[in-house]
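Engineer: final-v2.pdb is the file, holding PDB, C-alpha atoms and all ligand atoms:
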```pdb
ATOM      1  CA  MET A 300       3.135  -2.019  17.338
ATOM      2  CA  GLN A 301       0.869   0.733  18.598
ATOM      3  CA  LYS A 302      -2.923   0.333  18.426
ATOM      4  CA  LEU A 303      -4.390   3.395  16.676
ATOM      5  CA  ASP A 304      -7.536   4.319  14.753
ATOM      6  CA  GLY A 305      -7.804   4.354  10.972
ATOM      7  CA  ASN A 306      -7.153   8.090  10.684
ATOM      8  CA  VAL A 307      -3.434   7.394  11.016
ATOM      9  CA  LEU A 308      -3.573   5.914   7.491
ATOM     10  CA  ALA A 309      -4.382   9.292   5.882
ATOM     11  CA  GLY A 310      -0.745  10.009   5.024
ATOM     12  CA  PRO A 311       0.347   6.599   3.741
ATOM     13  CA  LEU A 312      -2.861   6.055   1.761
ATOM     14  CA  SER A 313      -2.662   9.519   0.193
ATOM     15  CA  GLU A 314       0.611   8.427  -1.370
ATOM     16  CA  VAL A 315      -1.221   5.629  -3.154
ATOM     17  CA  MET A 316      -4.567   7.252  -3.842
ATOM     18  CA  THR A 317      -5.797  10.759  -4.458
ATOM     19  CA  GLY A 318      -8.171  12.440  -2.041
ATOM     20  CA  ASP A 319      -8.803  11.369   1.537
ATOM     21  CA  ALA A 320      -8.721   7.587   1.344
ATOM     22  CA  THR A 321      -9.753   7.263   4.990
ATOM     23  CA  SER A 322     -13.275   8.274   3.918
ATOM     24  CA  ALA A 323     -13.427   5.356   1.485
ATOM     25  CA  HIS A 324     -15.693   2.449   2.410
ATOM     26  CA  ALA A 325     -14.206  -1.029   2.609
ATOM     27  CA  ARG A 326     -16.068  -4.343   2.881
ATOM     28  CA  CYS A 327     -14.411  -6.983   5.049
ATOM     29  CA  VAL A 328     -13.902 -10.262   3.186
ATOM     30  CA  HIS A 329     -14.342 -12.239   6.399
ATOM     31  CA  CYS A 330     -17.502 -10.816   8.035
ATOM     32  CA  GLY A 331     -18.967  -8.504   5.363
ATOM     33  CA  ASP A 332     -18.849  -5.412   7.568
ATOM     34  CA  VAL A 333     -18.800  -2.192   5.520
ATOM     35  CA  ALA A 334     -17.189   0.839   7.134
ATOM     36  CA  VAL A 335     -15.030   3.816   6.308
ATOM     37  CA  ILE A 336     -11.318   3.115   6.634
ATOM     38  CA  ALA A 337     -11.100   5.707   9.417
ATOM     39  CA  GLN A 338     -13.061   3.285  11.622
ATOM     40  CA  ALA A 339     -10.547   0.470  11.203
ATOM     41  CA  VAL A 340      -8.314  -0.557  14.092
ATOM     42  CA  VAL A 341      -4.730   0.117  13.046
ATOM     43  CA  TYR A 342      -1.506  -1.286  14.429
ATOM     44  CA  ALA A 343       1.524   0.798  13.468
ATOM     45  CA  ASP A 344       5.252   0.361  13.841
ATOM     46  CA  GLY A 345       7.177   3.147  12.145
ATOM     47  CA  SER A 346       6.609   2.624   8.440
ATOM     48  CA  ARG A 347       4.375  -0.463   8.770
ATOM     49  CA  PHE A 348       0.594  -0.241   9.187
ATOM     50  CA  VAL A 349      -1.876  -3.092   9.640
ATOM     51  CA  ALA A 350      -5.577  -2.151   9.464
ATOM     52  CA  ARG A 351      -7.977  -4.613  11.052
ATOM     53  CA  CYS A 352     -11.754  -4.912  10.799
ATOM     54  CA  ARG A 353     -13.541  -3.048  13.578
ATOM     55  CA  ARG A 354     -16.019  -5.939  13.897
ATOM     56  CA  CYS A 355     -14.123  -9.239  13.481
ATOM     57  CA  ASP A 356     -10.480  -8.080  13.858
ATOM     58  CA  SER A 357      -9.398  -9.691  10.576
ATOM     59  CA  VAL A 358      -6.684  -7.922   8.559
ATOM     60  CA  LEU A 359      -8.211  -5.600   5.955
ATOM     61  CA  LEU A 360      -5.086  -4.086   4.471
ATOM     62  CA  THR A 361      -1.414  -3.488   5.114
ATOM     63  CA  ILE A 362       0.838  -0.630   4.083
ATOM     64  CA  VAL A 363       4.619  -0.785   4.161
ATOM     65  CA  GLU A 364       6.670   2.279   3.353
ATOM     66  CA  ALA A 365      10.169   1.318   2.203
ATOM     67  CA  GLY A 366      12.363   4.075   0.842
ATOM     68  CA  ASP A 367      10.703   5.529  -2.235
ATOM     69  CA  ASP A 368       8.156   2.707  -2.416
ATOM     70  CA  VAL A 369       4.820   2.181  -0.693
ATOM     71  CA  ARG A 370       3.430  -1.375  -0.768
ATOM     72  CA  LEU A 371      -0.337  -1.712  -0.265
ATOM     73  CA  THR A 372      -2.016  -5.099   0.129
ATOM     74  CA  MET A 373      -5.785  -5.382   0.446
ATOM     75  CA  THR A 374      -6.322  -9.110   0.819
ATOM     76  CA  GLY A 375      -9.021  -8.616   3.460
ATOM     77  CA  VAL A 376     -11.162  -6.225   1.415
ATOM     78  CA  THR A 377     -13.735  -7.334  -1.166
ATOM     79  CA  ALA A 378     -14.842  -3.824  -2.140
ATOM     80  CA  PHE A 379     -13.186  -0.449  -1.741
ATOM     81  CA  THR A 380     -15.358   2.558  -2.599
ATOM     82  CA  MET A 381     -13.869   6.046  -2.860
ATOM     83  CA  PRO A 382     -16.058   9.181  -2.706
ATOM     84  CA  VAL A 383     -15.777  11.456  -5.763
TER
HETATM   85 ZN    ZN A 401     -14.661  -8.211   9.492
END
```
What do you get writing this file as structure tokens?
Structural biologist:
Amino acid sequence: MQKLDGNVLAGPLSEVMTGDATSAHARCVHCGDVAVIAQAVVYADGSRFVARCRRCDSVLLTIVEAGDDVRLTMTGVTAFTMPV
């Protein structure tokens, strides 16, 4: 997997959410850090994305694109706040 910044998630997240989801704030369940998704450290391999906390490196969320489906898991996020 390549190590990228959170901006690479703009496309996959836009399929799940409206607006620019990379400007949403997420709170890490492990260390409590709150940051915009664009600041996450992302590992990508084709259609798989793993976003890790910029502070403690724990997994925040994963996105897997498979055919017509996009699977989003957010087990490492306690709060996800989208701007309106
Ligand atoms: Zn963290």
Engineer: Going by the chain IDs and residue numbers used in this file, which residues fall under the PyMOL selection byres (((chain A and resi 355-359) around 10) and not hetatm)? Write them as a list in words.
Structural biologist: Ala325, Arg326, Cys327, Val328, His329, Cys330, Gly331, Asp332, Ile336, Ala339, Val340, Val341, Val349, Ala350, Arg351, Cys352, Arg353, Arg354, Leu360, Thr361, Thr372, Met373, Thr374, Gly375, Val376 and Thr377 of chain A
Engineer: Now that the selection is made, can you save its residues with C-alpha atoms as a PDB file, in the frame of the given file?
Structural biologist:
```pdb
ATOM      1  CA  ALA A 325     -14.206  -1.029   2.609  1.00  0.00           C
ATOM      2  CA  ARG A 326     -16.068  -4.343   2.881  1.00  0.00           C
ATOM      3  CA  CYS A 327     -14.411  -6.983   5.049  1.00  0.00           C
ATOM      4  CA  VAL A 328     -13.902 -10.262   3.186  1.00  0.00           C
ATOM      5  CA  HIS A 329     -14.342 -12.239   6.399  1.00  0.00           C
ATOM      6  CA  CYS A 330     -17.502 -10.816   8.035  1.00  0.00           C
ATOM      7  CA  GLY A 331     -18.967  -8.504   5.363  1.00  0.00           C
ATOM      8  CA  ASP A 332     -18.849  -5.412   7.568  1.00  0.00           C
ATOM      9  CA  ILE A 336     -11.318   3.115   6.634  1.00  0.00           C
ATOM     10  CA  ALA A 339     -10.547   0.470  11.203  1.00  0.00           C
ATOM     11  CA  VAL A 340      -8.314  -0.557  14.092  1.00  0.00           C
ATOM     12  CA  VAL A 341      -4.730   0.117  13.046  1.00  0.00           C
ATOM     13  CA  VAL A 349      -1.876  -3.092   9.640  1.00  0.00           C
ATOM     14  CA  ALA A 350      -5.577  -2.151   9.464  1.00  0.00           C
ATOM     15  CA  ARG A 351      -7.977  -4.613  11.052  1.00  0.00           C
ATOM     16  CA  CYS A 352     -11.754  -4.912  10.799  1.00  0.00           C
ATOM     17  CA  ARG A 353     -13.541  -3.048  13.578  1.00  0.00           C
ATOM     18  CA  ARG A 354     -16.019  -5.939  13.897  1.00  0.00           C
ATOM     19  CA  LEU A 360      -5.086  -4.086   4.471  1.00  0.00           C
ATOM     20  CA  THR A 361      -1.414  -3.488   5.114  1.00  0.00           C
ATOM     21  CA  THR A 372      -2.016  -5.099   0.129  1.00  0.00           C
ATOM     22  CA  MET A 373      -5.785  -5.382   0.446  1.00  0.00           C
ATOM     23  CA  THR A 374      -6.322  -9.110   0.819  1.00  0.00           C
ATOM     24  CA  GLY A 375      -9.021  -8.616   3.460  1.00  0.00           C
ATOM     25  CA  VAL A 376     -11.162  -6.225   1.415  1.00  0.00           C
ATOM     26  CA  THR A 377     -13.735  -7.334  -1.166  1.00  0.00           C
TER      27      THR A 377
END
```
Engineer: Using all atoms listed in the file, find the one residue out of A:Val369, A:Ala343, A:Thr380, A:Val333 that sits nearest to ligand ZN 401 (chain A).
Structural biologist: A:Val333
Engineer: Compile the contact shell of Gly345 of chain A as a PDB file with C-alpha atoms, in the frame of the given file: residues with an atom at most 9 Å away, counting only C-alpha atoms, same-chain residues fewer than 3 positions apart removed.
Structural biologist:
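What ended up in result-v2.pdb:
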```pdb
ATOM      1  CA  MET A 300       3.135  -2.019  17.338  1.00  0.00           C
ATOM      2  CA  PHE A 348       0.594  -0.241   9.187  1.00  0.00           C
ATOM      3  CA  GLU A 364       6.670   2.279   3.353  1.00  0.00           C
TER       4      GLU A 364
END
```
Engineer: One decimal, in Å: what's the spacing between atom CA of Asp319 of chain A and atom CA of Tyr342 of chain A?
Structural biologist: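 That distance, rounded to one decimal, is 19.5 Å.
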Engineer: What does the distance from atom CA of Pro382 of chain A to atom CA of Asp368 of chain A come to in Å, to one decimal?
Structural biologist: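 One can read the atom CA of Pro382 of chain A to atom CA of Asp368 of chain A distance as 25.1 Å.
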Engineer: When you look at Met381 of chain A with a cut-off of 10 Å (counting only C-alpha atoms), what residues show up, excluding the ones that are within fewer than 2 positions of it in the same chain? I need them as a list in words.
Structural biologist: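 These residues fall inside the cut-off: Met316, Thr317, Gly318, Asp319, Ala320, Thr321, Ser322, Ala323, His324, Ala325, Val335, Ala378, Phe379 and Val383 of chain A.
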Engineer: Go through A:Ser313, A:Asp344, A:Gln301, A:Gln338 one by one, measure the shortest atom-to-atom distance of each to ligand ZN 401 (chain A) using all atoms listed in the file, and give the residue with the smallest value.
Structural biologist: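 Smallest distance to ligand ZN 401 (chain A) is found for A:Gln338.
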Engineer: Record the distance separating atom CA of Asp304 of chain A and atom CA of Asp367 of chain A, expressed in Å with one decimal.
Structural biologist: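 Interatomic distance here is 25.0 Å.
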Engineer: Please give the centre and size of the box around segment 334-342 of chain A (axis-aligned, containing every atom listed in the file, 3 Å added per side), with values in Å to one decimal and written as AutoDock Vina command-line options.
Structural biologist:
```
--center_x -9.3 --center_y 2.2 --center_z 10.4 --size_x 21.7 --size_y 13.0 --size_z 14.1
```
